[in-house]
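Peer 1: Quick one: the structure is below, and I'll ask about it shortly.
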Amino acid sequence: MENELEPVHYSVLYREILSFFLSVFDGDREFLFLDGTAGEGGHSLLLLEKFPKSKLVLVDRDSVMLSRAQERLSSFSSRVIPIEANFSDLDMEFLKGFGVSSPPDGILLDLGISTFHLLHAGRGFSFRENEPLDMRLSSSGGISAEDVINTYPEKALSKIFYEYGEERWTKKIVEAILERRRHTRIGYSGDLAQLVSRVIPRKFWPPGKHPATRVFQALRIEVNQELLHIEIGVKKLLDLLAPGGLLQVISFHSLEDRIIKNLFRDYARSGEAKLLTKKPALPSDLETKENPASRSAKLRVIHKSVPTDNDMEEEEDGS
C-alpha cells in the first residue's frame, strides 16, 4: 500500500503527514484542506489523491511556484482554489474574496526552501551558480539580498548572520564584506560565496556543506522576513482552522521550530487544542536515505478542540 503514496518528486515527511490527517479525517468524506506553502505541489497532490471528495486551497507567495504547482495538479483543477499570497495574509475574510466560504479542516505548512528555488530560480538562493543576489520569494518587491549586503551597517549584518545563521565566523565575515563593498558592490551569489569561503579556514568548514550555507540562510530569512511571517501566520492559521481541524507545520532549523513549538504549546495550554506531537516527528532512516535534504526536518501537529455545549453556554452567558 505504501508504494501507492510515493510522490513523483520527494515531499518531506509525507508518510507522517498523511498518517496524521487520516487519523482524524475519513478519506471517503468531503473536507477542505489548505496548503499554505504550495511549492512544487507535492504534498497537495498526495492530499487530493488520498481525499478524492475534498477540495484544497493552494497558496504560495511566489507566483512562479504557484503556477508550477497548479500545472502539476491540473488533473484536479476542479477541486483546487489557487491563491497567490503569503500564508500570514490568510484569515476568513481574505479567503472569502476567493470564494472560500468555510474554514479549512486541515492546514499544512512546509517552511523549507524548494529545490526549484535553489537550482533554477536564478535569484541567488544558492552558491552553485553565479546569480544576481536577489533571494526574494515574492514578486511584490521589497529589499533584495544585494541591498542587505551592500547597505546594512555593520551591527545589522552581524545580528543577521549570528542570530539567523548561527554563524561563528560572523565578525570576520562582516569585516570582509565591509572591506569589499568600500571598493565594489557585491552583486552576485558566487562573489559572496567565494568571499565567505576565503574568510573561514578550510579546517572549520562544516562537513558536507558549503561554508557559506549559514550566511545564505540568514540572508534569505532577512530578505523575506520569514520568522516574522511564521509568528504572525501560525497564530492566524490556528484561529482560522475549523473546530476539530488539524494544523501540521514542517520546519528546517531551530529558530523556526522554536516559534512553532511555543505557539502550539501556548494554544494547547489555553484548552483550545491538543498537541499530537509533544516532541516533533522526524524523518525515518528510510526517508533520509531516499532524500538526504530531509534530515533536518521537524514536524509538529496540533488538533483544534471542538467546543462542547458547556463552552457554548459559557460564551452566551459572557456575551
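Going by the C-alpha cells order, chains are called A, B, ..., each with residues numbered from 1, while ligands are numbered from 1 in the order shown.
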Go through stretch 29-249 of chain A and collect every residue that DSSP, computed from the backbone, puts in strand (DSSP E); the answer should be as a ChimeraX atom specification.
Peer 2: /A:32-35,55-60,80-84,106-110,246-249
Peer 1: Find the spatial neighbours of A:Ile81, counting only C-alpha atoms, within a cut-off of 8 Å - ignore same-chain residues fewer than 2 positions away - and output them as a list in words.
Peer 2: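 Once the adjacent positions are removed, what remains is Lys55, Leu56, Val57, Leu58, Ser77, Arg79, Ile83 and Phe98 of chain A.
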Peer 1: Residues within 12 Å of A:Glu175, please, as a list in words. Count only C-alpha atoms; anything in the same chain fewer than 3 positions from it doesn't count.
Peer 2: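 Result of the neighbour search: Ile149, Pro153, Glu154, Lys155, Leu157, Ser158, Trp169, Thr170, Lys171, Lys172, Leu178, Glu179, Arg180, Arg181, Arg182, Leu195, Val196 and Val199 of chain A.
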Peer 1: My list of candidates is A:Phe76, A:Phe21, A:Phe87, A:Tyr10. Which is closest to A:Leu228 when distances are computed with only C-alpha atoms?
Peer 2: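 Smallest separation from A:Leu228 among the options: A:Phe87.
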Peer 1: Can you work out which one of A:Phe204, A:Phe127, A:Phe216, A:Phe51 has the shortest atom-to-atom distance to A:Phe161, counting only C-alpha atoms?
Peer 2: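 Checking each of A:Phe204, A:Phe127, A:Phe216, A:Phe51 against A:Phe161, counting only C-alpha atoms, the winner is A:Phe216.
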Peer 1: Compile the contact shell of A:Thr277 as a VMD selection string: residues with an atom at most 6 Å away, counting only C-alpha atoms, same-chain residues fewer than 2 positions apart removed.
Peer 2: chain A and resid 275 279 to 280 300 to 301
Peer 1: Please, could you write that set of residues out with all heavy atoms as a CSV table (one decimal), in the first residue's frame?
Peer 2:
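Contents of result05.csv, freshly written:
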```csv
chain,number,residue,atom,x,y,z
A,275,LEU,N,-1.9,19.0,21.6
A,275,LEU,CA,-0.7,18.7,20.9
A,275,LEU,C,-0.7,17.2,20.5
A,275,LEU,O,-0.8,16.3,21.4
A,275,LEU,CB,0.5,19.0,21.7
A,275,LEU,CG,0.8,20.5,22.0
A,275,LEU,CD1,2.0,20.6,22.9
A,275,LEU,CD2,1.1,21.2,20.7
A,279,LYS,N,6.9,15.9,21.2
A,279,LYS,CA,8.2,16.1,20.5
A,279,LYS,C,8.0,16.0,19.0
A,279,LYS,O,7.1,15.3,18.6
A,279,LYS,CB,9.2,15.0,21.0
A,279,LYS,CG,9.6,15.2,22.4
A,279,LYS,CD,10.7,14.2,22.8
A,279,LYS,CE,11.2,14.4,24.2
A,279,LYS,NZ,12.3,13.5,24.6
A,280,PRO,N,8.8,16.8,18.2
A,280,PRO,CA,8.5,16.8,16.8
A,280,PRO,C,8.7,15.4,16.2
A,280,PRO,O,9.6,14.6,16.6
A,280,PRO,CB,9.5,17.8,16.2
A,280,PRO,CG,10.6,17.9,17.2
A,280,PRO,CD,9.9,17.6,18.6
A,300,ARG,N,5.6,19.3,13.5
A,300,ARG,CA,4.7,19.5,14.7
A,300,ARG,C,3.3,19.6,14.3
A,300,ARG,O,2.9,20.2,13.3
A,300,ARG,CB,5.1,20.7,15.5
A,300,ARG,CG,6.5,20.6,16.1
A,300,ARG,CD,6.8,21.8,17.1
A,300,ARG,NE,8.2,21.6,17.6
A,300,ARG,CZ,8.6,21.0,18.7
A,300,ARG,NH1,7.6,20.4,19.4
A,300,ARG,NH2,9.8,21.0,19.1
A,301,VAL,N,2.4,18.9,15.1
A,301,VAL,CA,1.0,18.8,14.7
A,301,VAL,C,0.1,19.2,15.9
A,301,VAL,O,0.4,18.7,17.1
A,301,VAL,CB,0.7,17.3,14.3
A,301,VAL,CG1,-0.8,17.3,13.8
A,301,VAL,CG2,1.7,16.9,13.3
```
Peer 1: Do you know which residues are at most 10 Å from A:Glu146 counting only C-alpha atoms, after dropping those on the same chain fewer than 2 positions away, and could you put them as a list in words?
Peer 2: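 Contacts, with the query itself left out: Gly124, Pro132, Leu133, Asp134, Met135, Ile143, Ser144, Val148, Ile149, Asn150, Thr151, Tyr152, Arg185, Ile186, Gly187, Tyr188, Ser189, Leu192, Leu219 and Val223 of chain A.
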Peer 1: Limited to all heavy atoms, could you put the picked residues into a file as a short mmCIF file (atom, residue, chain, number, x, y, z; two decimals), in the first residue's frame?
Peer 2:
```cif
data_model
loop_
_atom_site.label_atom_id
_atom_site.label_comp_id
_atom_site.auth_asym_id
_atom_site.auth_seq_id
_atom_site.Cartn_x
_atom_site.Cartn_y
_atom_site.Cartn_z
N GLY A 124 19.71 33.78 -6.81
CA GLY A 124 20.83 33.83 -5.89
C GLY A 124 20.63 33.12 -4.57
O GLY A 124 21.30 33.42 -3.59
N PRO A 132 22.41 36.77 -9.73
CA PRO A 132 22.17 38.03 -9.02
C PRO A 132 21.67 37.77 -7.60
O PRO A 132 20.83 36.90 -7.39
CB PRO A 132 21.09 38.71 -9.87
CG PRO A 132 21.24 38.13 -11.23
CD PRO A 132 21.67 36.71 -11.02
N LEU A 133 22.19 38.52 -6.65
CA LEU A 133 21.81 38.35 -5.24
C LEU A 133 20.45 38.99 -5.01
O LEU A 133 20.35 40.17 -4.67
CB LEU A 133 22.86 39.01 -4.33
CG LEU A 133 23.99 38.13 -3.83
CD1 LEU A 133 24.98 38.98 -3.03
CD2 LEU A 133 23.46 36.99 -2.97
N ASP A 134 19.41 38.22 -5.19
CA ASP A 134 18.04 38.70 -5.02
C ASP A 134 17.40 38.07 -3.78
O ASP A 134 17.15 38.73 -2.80
CB ASP A 134 17.23 38.40 -6.29
CG ASP A 134 15.88 39.09 -6.28
OD1 ASP A 134 15.18 39.01 -5.26
OD2 ASP A 134 15.51 39.67 -7.32
N MET A 135 17.09 36.78 -3.87
CA MET A 135 16.54 35.97 -2.78
C MET A 135 15.11 36.30 -2.38
O MET A 135 14.61 35.77 -1.39
CB MET A 135 17.43 36.01 -1.52
CG MET A 135 18.78 35.39 -1.69
SD MET A 135 19.57 35.05 -0.09
CE MET A 135 21.19 34.55 -0.63
N ILE A 143 13.06 44.60 -0.25
CA ILE A 143 14.51 44.70 -0.27
C ILE A 143 15.12 43.38 -0.75
O ILE A 143 14.63 42.30 -0.43
CB ILE A 143 15.04 45.09 1.13
CG1 ILE A 143 16.50 45.50 1.06
CG2 ILE A 143 14.82 43.97 2.14
CD1 ILE A 143 17.00 46.18 2.31
N SER A 144 16.19 43.46 -1.52
CA SER A 144 16.86 42.27 -2.04
C SER A 144 18.07 41.93 -1.17
O SER A 144 18.52 42.74 -0.35
CB SER A 144 17.32 42.49 -3.48
OG SER A 144 18.39 43.43 -3.50
N VAL A 148 20.74 44.27 1.13
CA VAL A 148 21.15 43.96 2.51
C VAL A 148 22.66 43.94 2.63
O VAL A 148 23.25 44.60 3.49
CB VAL A 148 20.56 42.60 2.97
CG1 VAL A 148 21.14 42.20 4.32
CG2 VAL A 148 19.04 42.68 3.05
N ILE A 149 23.32 43.20 1.75
CA ILE A 149 24.77 43.05 1.81
C ILE A 149 25.50 44.37 1.62
O ILE A 149 26.52 44.64 2.26
CB ILE A 149 25.24 42.02 0.75
CG1 ILE A 149 24.91 40.60 1.20
CG2 ILE A 149 26.74 42.13 0.47
CD1 ILE A 149 25.69 40.12 2.40
N ASN A 150 24.96 45.21 0.75
CA ASN A 150 25.69 46.44 0.38
C ASN A 150 25.29 47.69 1.14
O ASN A 150 26.00 48.70 1.06
CB ASN A 150 25.52 46.68 -1.13
CG ASN A 150 26.29 45.67 -1.96
OD1 ASN A 150 27.50 45.74 -2.08
ND2 ASN A 150 25.58 44.70 -2.51
N THR A 151 24.18 47.64 1.89
CA THR A 151 23.73 48.86 2.56
C THR A 151 23.56 48.73 4.08
O THR A 151 23.59 49.73 4.78
CB THR A 151 22.39 49.36 1.98
OG1 THR A 151 21.36 48.41 2.27
CG2 THR A 151 22.49 49.57 0.47
N TYR A 152 23.37 47.51 4.57
CA TYR A 152 23.16 47.37 6.02
C TYR A 152 24.45 47.72 6.77
O TYR A 152 25.55 47.33 6.35
CB TYR A 152 22.77 45.92 6.36
CG TYR A 152 21.29 45.63 6.29
CD1 TYR A 152 20.46 46.30 5.39
CD2 TYR A 152 20.72 44.65 7.10
CE1 TYR A 152 19.12 46.00 5.31
CE2 TYR A 152 19.37 44.35 7.02
CZ TYR A 152 18.57 45.03 6.13
OH TYR A 152 17.24 44.73 6.05
N ARG A 185 30.63 46.97 -5.38
CA ARG A 185 29.37 46.42 -4.89
C ARG A 185 29.37 44.90 -5.05
O ARG A 185 29.83 44.37 -6.06
CB ARG A 185 28.21 47.03 -5.68
CG ARG A 185 26.82 46.75 -5.10
CD ARG A 185 25.78 47.59 -5.83
NE ARG A 185 24.45 47.30 -5.37
CZ ARG A 185 23.85 47.92 -4.35
NH1 ARG A 185 24.52 48.85 -3.67
NH2 ARG A 185 22.62 47.60 -3.99
N ILE A 186 28.86 44.19 -4.05
CA ILE A 186 28.74 42.74 -4.11
C ILE A 186 27.36 42.42 -4.69
O ILE A 186 26.35 42.65 -4.02
CB ILE A 186 28.90 42.11 -2.71
CG1 ILE A 186 30.24 42.51 -2.10
CG2 ILE A 186 28.76 40.59 -2.77
CD1 ILE A 186 30.36 42.17 -0.62
N GLY A 187 27.34 41.92 -5.92
CA GLY A 187 26.05 41.79 -6.59
C GLY A 187 25.65 40.38 -6.98
O GLY A 187 24.53 40.16 -7.42
N TYR A 188 26.57 39.41 -6.81
CA TYR A 188 26.29 38.06 -7.28
C TYR A 188 26.55 37.01 -6.19
O TYR A 188 27.44 37.18 -5.35
CB TYR A 188 27.12 37.74 -8.53
CG TYR A 188 26.60 38.47 -9.75
CD1 TYR A 188 27.00 39.78 -10.01
CD2 TYR A 188 25.69 37.87 -10.60
CE1 TYR A 188 26.51 40.46 -11.12
CE2 TYR A 188 25.20 38.54 -11.71
CZ TYR A 188 25.61 39.84 -11.97
OH TYR A 188 25.11 40.51 -13.06
N SER A 189 25.78 35.95 -6.25
CA SER A 189 25.87 34.90 -5.23
C SER A 189 27.25 34.26 -5.19
O SER A 189 27.79 33.95 -4.13
CB SER A 189 24.81 33.82 -5.48
OG SER A 189 24.94 33.27 -6.78
N LEU A 192 29.77 36.44 -3.27
CA LEU A 192 29.59 36.36 -1.82
C LEU A 192 30.06 35.02 -1.28
O LEU A 192 30.74 34.96 -0.25
CB LEU A 192 28.12 36.59 -1.46
CG LEU A 192 27.78 36.51 0.03
CD1 LEU A 192 28.54 37.58 0.83
CD2 LEU A 192 26.28 36.66 0.25
N LEU A 219 20.59 35.46 5.16
CA LEU A 219 20.16 36.49 4.22
C LEU A 219 18.74 36.24 3.72
O LEU A 219 17.92 37.16 3.63
CB LEU A 219 21.11 36.54 3.02
CG LEU A 219 22.35 37.40 3.14
CD1 LEU A 219 23.24 37.21 1.92
CD2 LEU A 219 21.98 38.87 3.30
N VAL A 223 15.68 38.83 4.11
CA VAL A 223 15.04 39.41 2.92
C VAL A 223 13.54 39.14 2.91
O VAL A 223 12.73 40.03 2.60
CB VAL A 223 15.69 38.84 1.63
CG1 VAL A 223 14.85 39.14 0.40
CG2 VAL A 223 17.10 39.39 1.46
#
```
Peer 1: Take atom CA of A:Glu40 and atom CA of A:Ala69 and report the distance between them in Å, one decimal.
Peer 2: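 We find that atom CA of A:Glu40 and atom CA of A:Ala69 lie 4.9 Å from each other.
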Peer 1: Could you check the closest approach to A:Pro307 for each of A:Asp266, A:Gly245, A:Phe252, A:Leu237 and tell me which residue wins, using only C-alpha atoms?
Peer 2: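 Smallest distance to A:Pro307 is found for A:Gly245.
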Peer 1: How many Å lie between atom CA of A:Val100 and atom CA of A:Val234, rounded to one decimal?
Peer 2: 19.2 Å
Peer 1: Show which residues sit within 12 Å of A:Leu48, as JSON, numbers by chain. Count only C-alpha atoms, and ignore same-chain residues fewer than 4 positions away.
Peer 2: {"A": [5, 18, 27, 28, 30, 31, 32, 33, 34, 35, 41, 42, 43, 44, 52, 53, 54, 55, 56, 57, 58, 72, 73, 74, 75, 76, 77, 78, 79, 80]}
Peer 1: Produce a file of the selected residues containing C-alpha atoms, as an mmCIF file, in the first residue's frame.
Peer 2:
```cif
data_model
loop_
_atom_site.group_PDB
_atom_site.id
_atom_site.type_symbol
_atom_site.label_atom_id
_atom_site.label_comp_id
_atom_site.auth_asym_id
_atom_site.auth_seq_id
_atom_site.Cartn_x
_atom_site.Cartn_y
_atom_site.Cartn_z
ATOM 1 C CA LEU A 5 1.689 7.037 -1.865
ATOM 2 C CA LEU A 18 -0.848 11.572 5.650
ATOM 3 C CA GLY A 27 -10.757 9.638 3.256
ATOM 4 C CA ASP A 28 -14.241 8.967 1.848
ATOM 5 C CA GLU A 30 -15.511 15.781 1.981
ATOM 6 C CA PHE A 31 -13.134 18.178 3.738
ATOM 7 C CA LEU A 32 -11.361 21.422 2.928
ATOM 8 C CA PHE A 33 -7.560 21.406 3.066
ATOM 9 C CA LEU A 34 -5.209 24.370 2.827
ATOM 10 C CA ASP A 35 -1.598 24.101 1.696
ATOM 11 C CA GLY A 41 2.620 20.891 -5.125
ATOM 12 C CA GLY A 42 3.857 17.520 -3.862
ATOM 13 C CA HIS A 43 2.028 17.486 -0.536
ATOM 14 C CA SER A 44 -1.124 18.864 -2.180
ATOM 15 C CA PRO A 52 -10.891 12.285 -3.501
ATOM 16 C CA LYS A 53 -14.043 14.128 -2.355
ATOM 17 C CA SER A 54 -12.194 17.040 -0.749
ATOM 18 C CA LYS A 55 -11.134 20.459 -2.023
ATOM 19 C CA LEU A 56 -7.836 22.228 -1.467
ATOM 20 C CA VAL A 57 -6.822 25.880 -1.174
ATOM 21 C CA LEU A 58 -3.390 26.173 -2.791
ATOM 22 C CA ARG A 72 1.265 19.643 -11.544
ATOM 23 C CA LEU A 73 -2.256 19.485 -10.085
ATOM 24 C CA SER A 74 -4.018 20.252 -13.375
ATOM 25 C CA SER A 75 -5.948 16.963 -13.368
ATOM 26 C CA PHE A 76 -7.519 18.055 -10.044
ATOM 27 C CA SER A 77 -8.199 21.675 -11.075
ATOM 28 C CA SER A 78 -11.935 21.449 -10.274
ATOM 29 C CA ARG A 79 -11.023 20.802 -6.640
ATOM 30 C CA VAL A 80 -8.200 23.357 -6.305
#
```
Peer 1: Given only C-alpha atoms as the basis, pick out the residue of A:Leu45, A:Val174, A:Leu299, A:Ile107 nearest to A:Arg258.
Peer 2: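 When distances to A:Arg258 are compared using only C-alpha atoms, the smallest one comes from A:Leu299.
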Peer 1: With only C-alpha atoms as the counted atoms, please give the residues lying no more than 9 Å from A:Phe20, apart from itself and same-chain residues fewer than 3 positions off, as a PyMOL selection string.
Peer 2: chain A and resi 15-17+23-25+246+248+276+301
Peer 1: How would the residues just picked look written out with all heavy atoms as a PDB file, in the first residue's frame?
Peer 2:
```pdb
ATOM      1  N   ARG A  15       4.744  10.520   4.595  1.00  0.00           N
ATOM      2  CA  ARG A  15       4.091   9.384   5.250  1.00  0.00           C
ATOM      3  C   ARG A  15       3.458   9.813   6.571  1.00  0.00           C
ATOM      4  O   ARG A  15       2.310   9.472   6.879  1.00  0.00           O
ATOM      5  CB  ARG A  15       5.103   8.267   5.505  1.00  0.00           C
ATOM      6  CG  ARG A  15       5.727   7.669   4.249  1.00  0.00           C
ATOM      7  CD  ARG A  15       6.767   6.618   4.617  1.00  0.00           C
ATOM      8  NE  ARG A  15       7.412   6.034   3.444  1.00  0.00           N
ATOM      9  CZ  ARG A  15       8.520   6.504   2.882  1.00  0.00           C
ATOM     10  NH1 ARG A  15       9.100   7.585   3.386  1.00  0.00           N
ATOM     11  NH2 ARG A  15       9.046   5.912   1.827  1.00  0.00           N
ATOM     12  N   GLU A  16       4.227  10.585   7.348  1.00  0.00           N
ATOM     13  CA  GLU A  16       3.749  11.039   8.656  1.00  0.00           C
ATOM     14  C   GLU A  16       2.582  12.017   8.510  1.00  0.00           C
ATOM     15  O   GLU A  16       1.596  11.946   9.262  1.00  0.00           O
ATOM     16  CB  GLU A  16       4.904  11.697   9.433  1.00  0.00           C
ATOM     17  CG  GLU A  16       5.984  10.744   9.896  1.00  0.00           C
ATOM     18  CD  GLU A  16       6.958  10.313   8.795  1.00  0.00           C
ATOM     19  OE1 GLU A  16       6.856  10.831   7.660  1.00  0.00           O
ATOM     20  OE2 GLU A  16       7.818   9.448   9.065  1.00  0.00           O
ATOM     21  N   ILE A  17       2.682  12.917   7.548  1.00  0.00           N
ATOM     22  CA  ILE A  17       1.622  13.915   7.332  1.00  0.00           C
ATOM     23  C   ILE A  17       0.311  13.226   6.968  1.00  0.00           C
ATOM     24  O   ILE A  17      -0.747  13.534   7.542  1.00  0.00           O
ATOM     25  CB  ILE A  17       2.053  14.916   6.238  1.00  0.00           C
ATOM     26  CG1 ILE A  17       3.120  15.857   6.794  1.00  0.00           C
ATOM     27  CG2 ILE A  17       0.859  15.708   5.714  1.00  0.00           C
ATOM     28  CD1 ILE A  17       3.868  16.622   5.727  1.00  0.00           C
ATOM     29  N   SER A  23      -5.719   9.927  10.589  1.00  0.00           N
ATOM     30  CA  SER A  23      -6.126   9.565  11.950  1.00  0.00           C
ATOM     31  C   SER A  23      -7.315  10.391  12.418  1.00  0.00           C
ATOM     32  O   SER A  23      -8.003  10.030  13.373  1.00  0.00           O
ATOM     33  CB  SER A  23      -4.951   9.750  12.917  1.00  0.00           C
ATOM     34  OG  SER A  23      -4.670  11.123  13.126  1.00  0.00           O
ATOM     35  N   VAL A  24      -7.585  11.494  11.736  1.00  0.00           N
ATOM     36  CA  VAL A  24      -8.671  12.400  12.128  1.00  0.00           C
ATOM     37  C   VAL A  24      -9.773  12.446  11.066  1.00  0.00           C
ATOM     38  O   VAL A  24     -10.956  12.549  11.388  1.00  0.00           O
ATOM     39  CB  VAL A  24      -8.121  13.827  12.379  1.00  0.00           C
ATOM     40  CG1 VAL A  24      -9.248  14.815  12.643  1.00  0.00           C
ATOM     41  CG2 VAL A  24      -7.135  13.820  13.546  1.00  0.00           C
ATOM     42  N   PHE A  25      -9.385  12.373   9.789  1.00  0.00           N
ATOM     43  CA  PHE A  25     -10.338  12.558   8.696  1.00  0.00           C
ATOM     44  C   PHE A  25     -10.538  11.259   7.912  1.00  0.00           C
ATOM     45  O   PHE A  25      -9.568  10.582   7.573  1.00  0.00           O
ATOM     46  CB  PHE A  25      -9.853  13.648   7.732  1.00  0.00           C
ATOM     47  CG  PHE A  25      -9.584  14.965   8.391  1.00  0.00           C
ATOM     48  CD1 PHE A  25      -8.367  15.619   8.201  1.00  0.00           C
ATOM     49  CD2 PHE A  25     -10.528  15.563   9.202  1.00  0.00           C
ATOM     50  CE1 PHE A  25      -8.114  16.829   8.798  1.00  0.00           C
ATOM     51  CE2 PHE A  25     -10.282  16.779   9.816  1.00  0.00           C
ATOM     52  CZ  PHE A  25      -9.073  17.418   9.611  1.00  0.00           C
ATOM     53  N   LEU A 246      -6.906  20.036  11.964  1.00  0.00           N
ATOM     54  CA  LEU A 246      -5.509  19.697  12.210  1.00  0.00           C
ATOM     55  C   LEU A 246      -4.601  20.698  11.502  1.00  0.00           C
ATOM     56  O   LEU A 246      -4.794  20.973  10.318  1.00  0.00           O
ATOM     57  CB  LEU A 246      -5.231  18.294  11.651  1.00  0.00           C
ATOM     58  CG  LEU A 246      -4.411  17.311  12.472  1.00  0.00           C
ATOM     59  CD1 LEU A 246      -5.084  17.048  13.816  1.00  0.00           C
ATOM     60  CD2 LEU A 246      -4.257  15.998  11.703  1.00  0.00           C
ATOM     61  N   GLN A 248      -0.565  21.150  10.625  1.00  0.00           N
ATOM     62  CA  GLN A 248       0.744  20.491  10.600  1.00  0.00           C
ATOM     63  C   GLN A 248       1.774  21.456  10.013  1.00  0.00           C
ATOM     64  O   GLN A 248       1.522  22.075   8.967  1.00  0.00           O
ATOM     65  CB  GLN A 248       0.693  19.227   9.745  1.00  0.00           C
ATOM     66  CG  GLN A 248      -0.374  18.231  10.177  1.00  0.00           C
ATOM     67  CD  GLN A 248      -0.107  16.835   9.621  1.00  0.00           C
ATOM     68  OE1 GLN A 248       0.996  16.312   9.741  1.00  0.00           O
ATOM     69  NE2 GLN A 248      -1.124  16.230   9.019  1.00  0.00           N
ATOM     70  N   LEU A 276      -0.504  16.847  19.238  1.00  0.00           N
ATOM     71  CA  LEU A 276      -0.355  15.457  18.821  1.00  0.00           C
ATOM     72  C   LEU A 276       1.119  15.065  18.727  1.00  0.00           C
ATOM     73  O   LEU A 276       1.435  13.898  18.543  1.00  0.00           O
ATOM     74  CB  LEU A 276      -1.047  15.224  17.487  1.00  0.00           C
ATOM     75  CG  LEU A 276      -2.558  15.465  17.454  1.00  0.00           C
ATOM     76  CD1 LEU A 276      -3.148  14.955  16.148  1.00  0.00           C
ATOM     77  CD2 LEU A 276      -3.260  14.821  18.643  1.00  0.00           C
ATOM     78  N   VAL A 301       2.384  18.925  15.106  1.00  0.00           N
ATOM     79  CA  VAL A 301       0.973  18.791  14.743  1.00  0.00           C
ATOM     80  C   VAL A 301       0.106  19.156  15.938  1.00  0.00           C
ATOM     81  O   VAL A 301       0.383  18.741  17.070  1.00  0.00           O
ATOM     82  CB  VAL A 301       0.654  17.346  14.303  1.00  0.00           C
ATOM     83  CG1 VAL A 301      -0.770  17.251  13.772  1.00  0.00           C
ATOM     84  CG2 VAL A 301       1.655  16.850  13.266  1.00  0.00           C
TER      85      VAL A 301
END
```
Peer 1: I'd like the interatomic distance between atom CA of A:Leu241 and atom CA of A:Asp91, to a tenth of an Å.
Peer 2: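 Separating atom CA of A:Leu241 from atom CA of A:Asp91 is a distance of 9.4 Å.
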Peer 1: Could you give me the residues within stretch 107-308 of chain A that DSSP places in alpha helix (DSSP H), as an MDAnalysis selection string?
Peer 2: chainID A and resid 115:119 145:151 154:159 170:183 189:199 213:224 226:240 254:269 285:290
